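With TSV, C-alpha atoms inside, this is coords07.tsv:
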```tsv
chain	number	residue	atom	x	y	z
A	78	MET	CA	-43.79	-44.27	-30.95
A	79	THR	CA	-45.27	-47.73	-31.60
A	80	ALA	CA	-47.89	-49.14	-29.23
A	81	PRO	CA	-45.48	-51.77	-27.79
A	82	ALA	CA	-42.83	-49.08	-27.24
A	83	ALA	CA	-45.39	-46.85	-25.52
A	84	ASP	CA	-46.45	-49.74	-23.28
A	85	ARG	CA	-42.82	-50.48	-22.43
A	86	ALA	CA	-42.17	-46.84	-21.52
A	87	ARG	CA	-45.28	-46.82	-19.31
A	88	TYR	CA	-44.22	-50.06	-17.58
A	89	ASP	CA	-40.68	-48.72	-17.03
A	90	ARG	CA	-42.07	-45.55	-15.42
A	91	ALA	CA	-44.41	-47.56	-13.18
A	92	THR	CA	-41.62	-49.83	-11.91
A	93	ALA	CA	-38.66	-47.43	-11.86
A	94	HIS	CA	-38.67	-47.29	-8.05
A	95	LEU	CA	-38.57	-51.11	-7.67
A	96	ASP	CA	-35.48	-53.31	-7.49
A	97	ALA	CA	-35.12	-55.96	-10.19
A	98	PRO	CA	-36.15	-58.62	-10.84
A	99	VAL	CA	-39.78	-57.64	-10.99
A	100	ALA	CA	-42.82	-58.96	-12.82
A	101	ILE	CA	-45.80	-56.87	-13.79
A	102	VAL	CA	-49.14	-57.58	-15.41
A	103	ASP	CA	-51.09	-55.02	-17.42
A	104	LEU	CA	-54.55	-55.79	-16.01
A	105	ASP	CA	-56.30	-53.94	-18.85
A	106	ALA	CA	-54.50	-56.13	-21.39
A	107	PHE	CA	-55.08	-59.25	-19.25
A	108	ASP	CA	-58.82	-58.57	-19.09
A	109	ALA	CA	-59.02	-57.73	-22.80
A	110	ASN	CA	-57.24	-60.99	-23.67
A	111	ALA	CA	-59.58	-62.96	-21.39
A	112	ASP	CA	-62.64	-61.30	-22.94
A	113	ASP	CA	-61.36	-62.10	-26.43
A	114	LEU	CA	-60.85	-65.75	-25.49
A	115	VAL	CA	-64.45	-65.93	-24.25
A	116	ARG	CA	-65.67	-64.38	-27.49
A	117	ARG	CA	-63.73	-66.87	-29.60
A	118	ALA	CA	-64.84	-69.81	-27.45
A	119	ALA	CA	-68.42	-69.04	-28.50
A	120	GLY	CA	-70.06	-70.39	-25.36
A	121	LYS	CA	-67.67	-73.25	-24.60
A	122	PRO	CA	-66.19	-72.90	-21.08
A	123	ILE	CA	-62.46	-72.22	-20.92
A	124	ARG	CA	-60.25	-74.12	-18.48
A	125	VAL	CA	-57.23	-71.99	-17.50
A	126	ALA	CA	-53.79	-73.63	-17.72
A	127	SER	CA	-51.97	-72.73	-14.51
A	128	LYS	CA	-48.57	-73.23	-16.15
A	129	SER	CA	-49.47	-70.22	-18.34
A	130	VAL	CA	-50.87	-68.08	-15.50
A	131	ARG	CA	-48.44	-68.55	-12.60
A	132	CYS	CA	-50.15	-66.15	-10.17
A	133	ARG	CA	-52.99	-67.16	-7.85
A	134	ALA	CA	-54.52	-63.66	-7.86
A	135	LEU	CA	-54.69	-63.73	-11.67
A	136	LEU	CA	-56.26	-67.20	-11.62
A	137	GLU	CA	-58.89	-65.88	-9.21
A	138	ARG	CA	-59.43	-62.83	-11.43
A	139	VAL	CA	-59.94	-64.77	-14.65
A	140	LEU	CA	-62.09	-67.49	-13.06
A	141	ALA	CA	-64.43	-64.78	-11.73
A	142	LYS	CA	-65.26	-63.91	-15.34
A	143	ASP	CA	-68.17	-65.52	-17.18
A	144	GLY	CA	-66.92	-68.08	-19.68
A	145	PHE	CA	-64.10	-69.53	-17.55
A	146	ALA	CA	-64.42	-72.75	-15.55
A	147	GLY	CA	-61.68	-74.59	-13.72
A	148	ILE	CA	-57.91	-74.92	-13.83
A	149	MET	CA	-55.66	-77.35	-15.67
A	150	SER	CA	-52.67	-77.76	-13.38
A	151	PHE	CA	-49.08	-78.85	-13.99
A	152	THR	CA	-48.19	-81.10	-11.02
A	153	LEU	CA	-50.08	-82.97	-8.31
A	154	ALA	CA	-48.38	-80.85	-5.63
A	155	GLU	CA	-49.63	-77.70	-7.36
A	156	SER	CA	-53.12	-79.22	-7.71
A	157	LEU	CA	-53.30	-79.87	-3.97
A	158	TRP	CA	-52.00	-76.38	-3.17
A	159	LEU	CA	-54.63	-74.82	-5.44
A	160	ALA	CA	-57.38	-76.92	-3.83
A	161	ARG	CA	-56.20	-75.92	-0.33
A	162	SER	CA	-56.25	-72.30	-1.57
A	163	GLY	CA	-59.97	-72.53	-2.37
A	164	PHE	CA	-60.12	-73.58	-6.03
A	165	ASP	CA	-62.59	-76.42	-6.51
A	166	ASP	CA	-62.23	-77.64	-10.11
A	167	ILE	CA	-58.66	-78.67	-10.86
A	168	LEU	CA	-57.62	-81.06	-13.61
A	169	LEU	CA	-54.06	-82.39	-13.38
A	170	ALA	CA	-52.82	-82.33	-16.98
A	171	TYR	CA	-50.38	-85.24	-16.73
A	172	PRO	CA	-50.12	-88.60	-14.95
A	173	SER	CA	-48.11	-88.26	-11.75
A	174	ALA	CA	-45.72	-90.42	-9.73
A	175	ASP	CA	-46.08	-88.28	-6.56
A	176	ARG	CA	-46.75	-90.91	-3.86
A	177	ALA	CA	-47.04	-88.39	-1.03
A	178	GLY	CA	-49.43	-86.28	-3.10
A	179	TYR	CA	-51.69	-89.26	-3.79
A	180	ALA	CA	-51.67	-90.18	-0.08
A	181	GLU	CA	-52.79	-86.65	0.76
A	182	LEU	CA	-55.44	-86.67	-1.99
A	183	ALA	CA	-56.86	-90.04	-0.88
A	184	ALA	CA	-57.05	-88.92	2.77
A	185	ASP	CA	-58.86	-85.60	2.36
A	186	PRO	CA	-62.50	-85.37	1.15
A	187	LYS	CA	-62.17	-81.71	0.14
A	188	LEU	CA	-59.05	-82.34	-1.95
A	189	ALA	CA	-60.50	-85.50	-3.51
A	190	ALA	CA	-63.64	-83.60	-4.56
A	191	ALA	CA	-61.64	-80.73	-6.09
A	192	VAL	CA	-58.84	-82.53	-7.96
A	193	THR	CA	-59.13	-84.81	-10.99
A	194	VAL	CA	-56.01	-86.73	-12.01
A	195	MET	CA	-55.00	-87.88	-15.49
A	196	VAL	CA	-54.55	-91.58	-16.25
A	197	ASP	CA	-53.95	-93.53	-19.44
A	198	ASP	CA	-52.83	-96.95	-18.19
A	199	PRO	CA	-54.22	-99.41	-15.60
A	200	ALA	CA	-50.76	-99.53	-13.98
A	201	GLN	CA	-51.34	-95.92	-12.86
A	202	LEU	CA	-54.41	-97.02	-10.90
A	203	ALA	CA	-52.32	-99.65	-9.12
A	204	PHE	CA	-49.65	-97.02	-8.40
A	205	ILE	CA	-52.24	-94.66	-6.90
A	206	ASP	CA	-53.71	-97.46	-4.78
A	207	GLY	CA	-50.21	-98.33	-3.56
A	208	ALA	CA	-49.66	-94.71	-2.55
A	209	ARG	CA	-52.95	-94.23	-0.66
A	210	ALA	CA	-51.38	-94.92	2.77
A	211	GLY	CA	-54.79	-95.85	4.16
A	212	GLY	CA	-56.72	-93.01	2.49
A	213	THR	CA	-60.12	-94.15	1.25
A	214	GLU	CA	-61.45	-91.17	-0.71
A	215	VAL	CA	-62.63	-91.85	-4.27
A	216	ILE	CA	-60.07	-90.52	-6.74
A	217	ARG	CA	-61.56	-88.69	-9.71
A	218	VAL	CA	-59.81	-89.59	-12.97
A	219	CYS	CA	-59.74	-88.23	-16.50
A	220	LEU	CA	-58.70	-90.52	-19.36
A	221	GLU	CA	-56.35	-89.16	-21.99
A	222	LEU	CA	-56.87	-90.12	-25.62
A	223	ASP	CA	-53.97	-89.74	-28.04
A	224	THR	CA	-55.07	-87.64	-31.02
A	225	SER	CA	-51.84	-87.35	-32.96
A	226	LEU	CA	-52.25	-87.58	-36.71
A	227	LYS	CA	-51.00	-90.83	-38.21
A	228	LEU	CA	-50.28	-90.98	-41.94
A	229	LEU	CA	-49.02	-93.65	-44.34
A	230	GLY	CA	-50.24	-96.54	-42.24
A	231	GLY	CA	-48.76	-95.10	-39.07
A	232	ARG	CA	-45.24	-94.67	-40.47
A	233	VAL	CA	-45.57	-90.87	-40.15
A	234	ARG	CA	-46.84	-89.35	-36.95
A	235	VAL	CA	-47.61	-85.66	-36.36
A	236	GLY	CA	-48.17	-84.63	-32.77
A	237	ALA	CA	-47.00	-85.44	-29.27
A	238	ARG	CA	-46.82	-88.97	-27.88
A	239	ARG	CA	-48.99	-88.19	-24.88
A	240	SER	CA	-50.98	-91.37	-24.32
A	241	PRO	CA	-50.97	-95.07	-25.23
A	242	LEU	CA	-54.76	-94.87	-25.76
A	243	HIS	CA	-55.20	-94.38	-29.51
A	244	SER	CA	-58.70	-95.65	-30.28
A	245	PRO	CA	-62.18	-95.35	-28.83
A	246	ALA	CA	-62.02	-99.09	-28.01
A	247	GLN	CA	-58.84	-98.59	-25.96
A	248	VAL	CA	-60.41	-95.66	-24.08
A	249	ALA	CA	-63.53	-97.76	-23.40
A	250	GLU	CA	-61.38	-100.60	-22.04
A	251	MET	CA	-59.50	-98.16	-19.81
A	252	ALA	CA	-62.83	-96.83	-18.53
A	253	ARG	CA	-63.89	-100.40	-17.76
A	254	ALA	CA	-60.61	-100.96	-15.90
A	255	VAL	CA	-61.38	-97.91	-13.75
A	256	ALA	CA	-64.96	-99.08	-13.14
A	257	ARG	CA	-63.73	-102.51	-12.02
A	258	ARG	CA	-61.38	-100.97	-9.46
A	259	PRO	CA	-62.98	-99.62	-6.24
A	260	GLY	CA	-61.93	-96.16	-5.16
A	261	PHE	CA	-61.88	-94.50	-8.60
A	262	GLN	CA	-64.41	-92.66	-10.76
A	263	VAL	CA	-64.08	-91.59	-14.39
A	264	VAL	CA	-65.26	-88.00	-14.72
A	265	GLY	CA	-63.90	-87.03	-18.13
A	266	ILE	CA	-61.85	-87.66	-21.24
A	267	MET	CA	-59.14	-85.35	-22.56
A	268	ALA	CA	-57.60	-85.15	-26.01
A	269	TYR	CA	-54.83	-82.68	-26.82
A	270	GLU	CA	-54.49	-81.79	-30.46
A	271	GLY	CA	-51.06	-80.21	-30.04
A	272	HIS	CA	-50.16	-80.68	-33.70
A	273	ILE	CA	-52.99	-78.36	-34.76
A	274	ALA	CA	-53.53	-76.24	-31.63
A	275	GLY	CA	-51.33	-73.41	-32.85
A	276	VAL	CA	-52.65	-73.33	-36.42
```
Would you write out, as structure tokens, the structure that this file holds?
Amino acid sequence: MTAPAADRARYDRATAHLDAPVAIVDLDAFDANADDLVRRAAGKPIRVASKSVRCRALLERVLAKDGFAGIMSFTLAESLWLARSGFDDILLAYPSADRAGYAELAADPKLAAAVTVMVDDPAQLAFIDGARAGGTEVIRVCLELDTSLKLLGGRVRVGARRSPLHSPAQVAEMARAVARRPGFQVVGIMAYEGHIAGV
């Protein structure tokens, strides 16, 4: 019997008494995978993507390990839920148009200290300000730099169209736009090399 077949048989035995649908996690495999990621990261902290680990208990488990630091979340609503659940380093991976979420973030010091939102255009700062509903907390922002590969004078592009910020000068100007606007603080820059991440 192959190792995957043996695992499947073991999982089937362990869940035979449960009604479907059911989800299980092999904690030994989970921990081994986490340890291997830490080894390959060679001292760089790993931020866990919550859209890949959709269970709060597993997020708590992996973040308790040395080598892991923080969560990259999928939506602003999820970011706020995670912060209310006790996580204190949450990076929202994408710009959001969640007005109610921004109002909640701007009104709560604990949430504002725990959640960093992604921006790549000054119009997003105006949107957030318009959604504050009186909240005065400083909003932590991360700037996203587009790192897609451009070839043949830009006629060929490899990678996702994630951000309009393509050059260091554009990122610097966006940082200046944040600095000029009260109520915001730049705390990081993100670049996603999706075109090479799986290679």
Would you mind listing what lies within 9 Å of Cys219 (chain A) as a list in words, with only C-alpha atoms counted and same-chain residues fewer than 4 positions away left out? Leu168, Leu169, Thr193, Val194, Met195, Val196, Asp197, Gln262, Val263, Val264, Gly265, Ile266 and Met267 of chain A
As number ranges by chain, please: the residues near region 80-87 of chain A (cut-off 12 Å, only C-alpha atoms, same-chain neighbours under 3 positions excluded). A: 90-93, 101-103, 105-106
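In this structure, CA of Ser244 (chain A) sits 7.9 Å away from CA of Asp223 (chain A).
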Show which residues sit within 9 Å of region 247-260 of chain A, as a list of chain:residue names. Count only C-alpha atoms, and ignore same-chain residues fewer than 4 positions away.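 Result of the neighbour search: A:Val196, A:Asp197, A:Asp198, A:Pro199, A:Leu202, A:Asp206, A:Thr213, A:Glu214, A:Val215, A:Ile216, A:Arg217, A:Val218, A:Leu220, A:Glu221, A:Leu222, A:Pro241, A:Leu242, A:His243, A:Ile266.
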I'd like the contact shell of region 142-146 of chain A - 10 Å cut-off, only C-alpha atoms, skipping same-chain residues fewer than 6 positions apart - returned as a tab-separated table (two decimals) with C-alpha atoms, in the coordinates of the input.
```tsv
chain	number	residue	atom	x	y	z
A	108	ASP	CA	-58.82	-58.57	-19.09
A	111	ALA	CA	-59.58	-62.96	-21.39
A	112	ASP	CA	-62.64	-61.30	-22.94
A	114	LEU	CA	-60.85	-65.75	-25.49
A	115	VAL	CA	-64.45	-65.93	-24.25
A	116	ARG	CA	-65.67	-64.38	-27.49
A	118	ALA	CA	-64.84	-69.81	-27.45
A	119	ALA	CA	-68.42	-69.04	-28.50
A	120	GLY	CA	-70.06	-70.39	-25.36
A	121	LYS	CA	-67.67	-73.25	-24.60
A	122	PRO	CA	-66.19	-72.90	-21.08
A	123	ILE	CA	-62.46	-72.22	-20.92
A	124	ARG	CA	-60.25	-74.12	-18.48
A	125	VAL	CA	-57.23	-71.99	-17.50
A	165	ASP	CA	-62.59	-76.42	-6.51
A	166	ASP	CA	-62.23	-77.64	-10.11
A	167	ILE	CA	-58.66	-78.67	-10.86
```
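Of the residues listed (A:Pro172, A:Gly212, A:Gly207, A:Gly163), A:Gly212 shows the shortest atom-to-atom separation from Asp185 (chain A); distances use all atoms listed in the file.
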Here CA of Ser156 (chain A) and CA of Val139 (chain A) stand apart by 17.4 Å
Would you mind telling me which residue in A:Ala246, A:Ala189, A:Tyr171, A:Leu228 lies nearest to Gln201 (chain A) when using only C-alpha atoms?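 Closest to Gln201 (chain A) of all the choices is A:Tyr171.
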Which residue out of A:Ile205, A:Leu140, A:Val192, A:Ala184 has the minimum interatomic distance to Glu155 (chain A) when all atoms listed in the file are used?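 Nearest candidate to Glu155 (chain A) out of A:Ile205, A:Leu140, A:Val192, A:Ala184: A:Val192.
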One-decimal distance in Å that lies between CA of Ala208 (chain A) and CA of Ala177 (chain A):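 We find that CA of Ala177 (chain A) and CA of Ala208 (chain A) lie 7.0 Å from each other.
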Box centre and edge lengths (Å, one decimal), axis-aligned, region 207-218 of chain A plus 4 Å each side, as AutoDock Vina command-line options:
```
--center_x -56.1 --center_y -93.5 --center_z -4.4 --size_x 21.0 --size_y 17.6 --size_z 25.1
```
Considering all atoms listed in the file, can you say which of A:Thr79, A:Thr152, A:Phe164, A:Gly211 comes closest to Ala180 (chain A)? A:Gly211
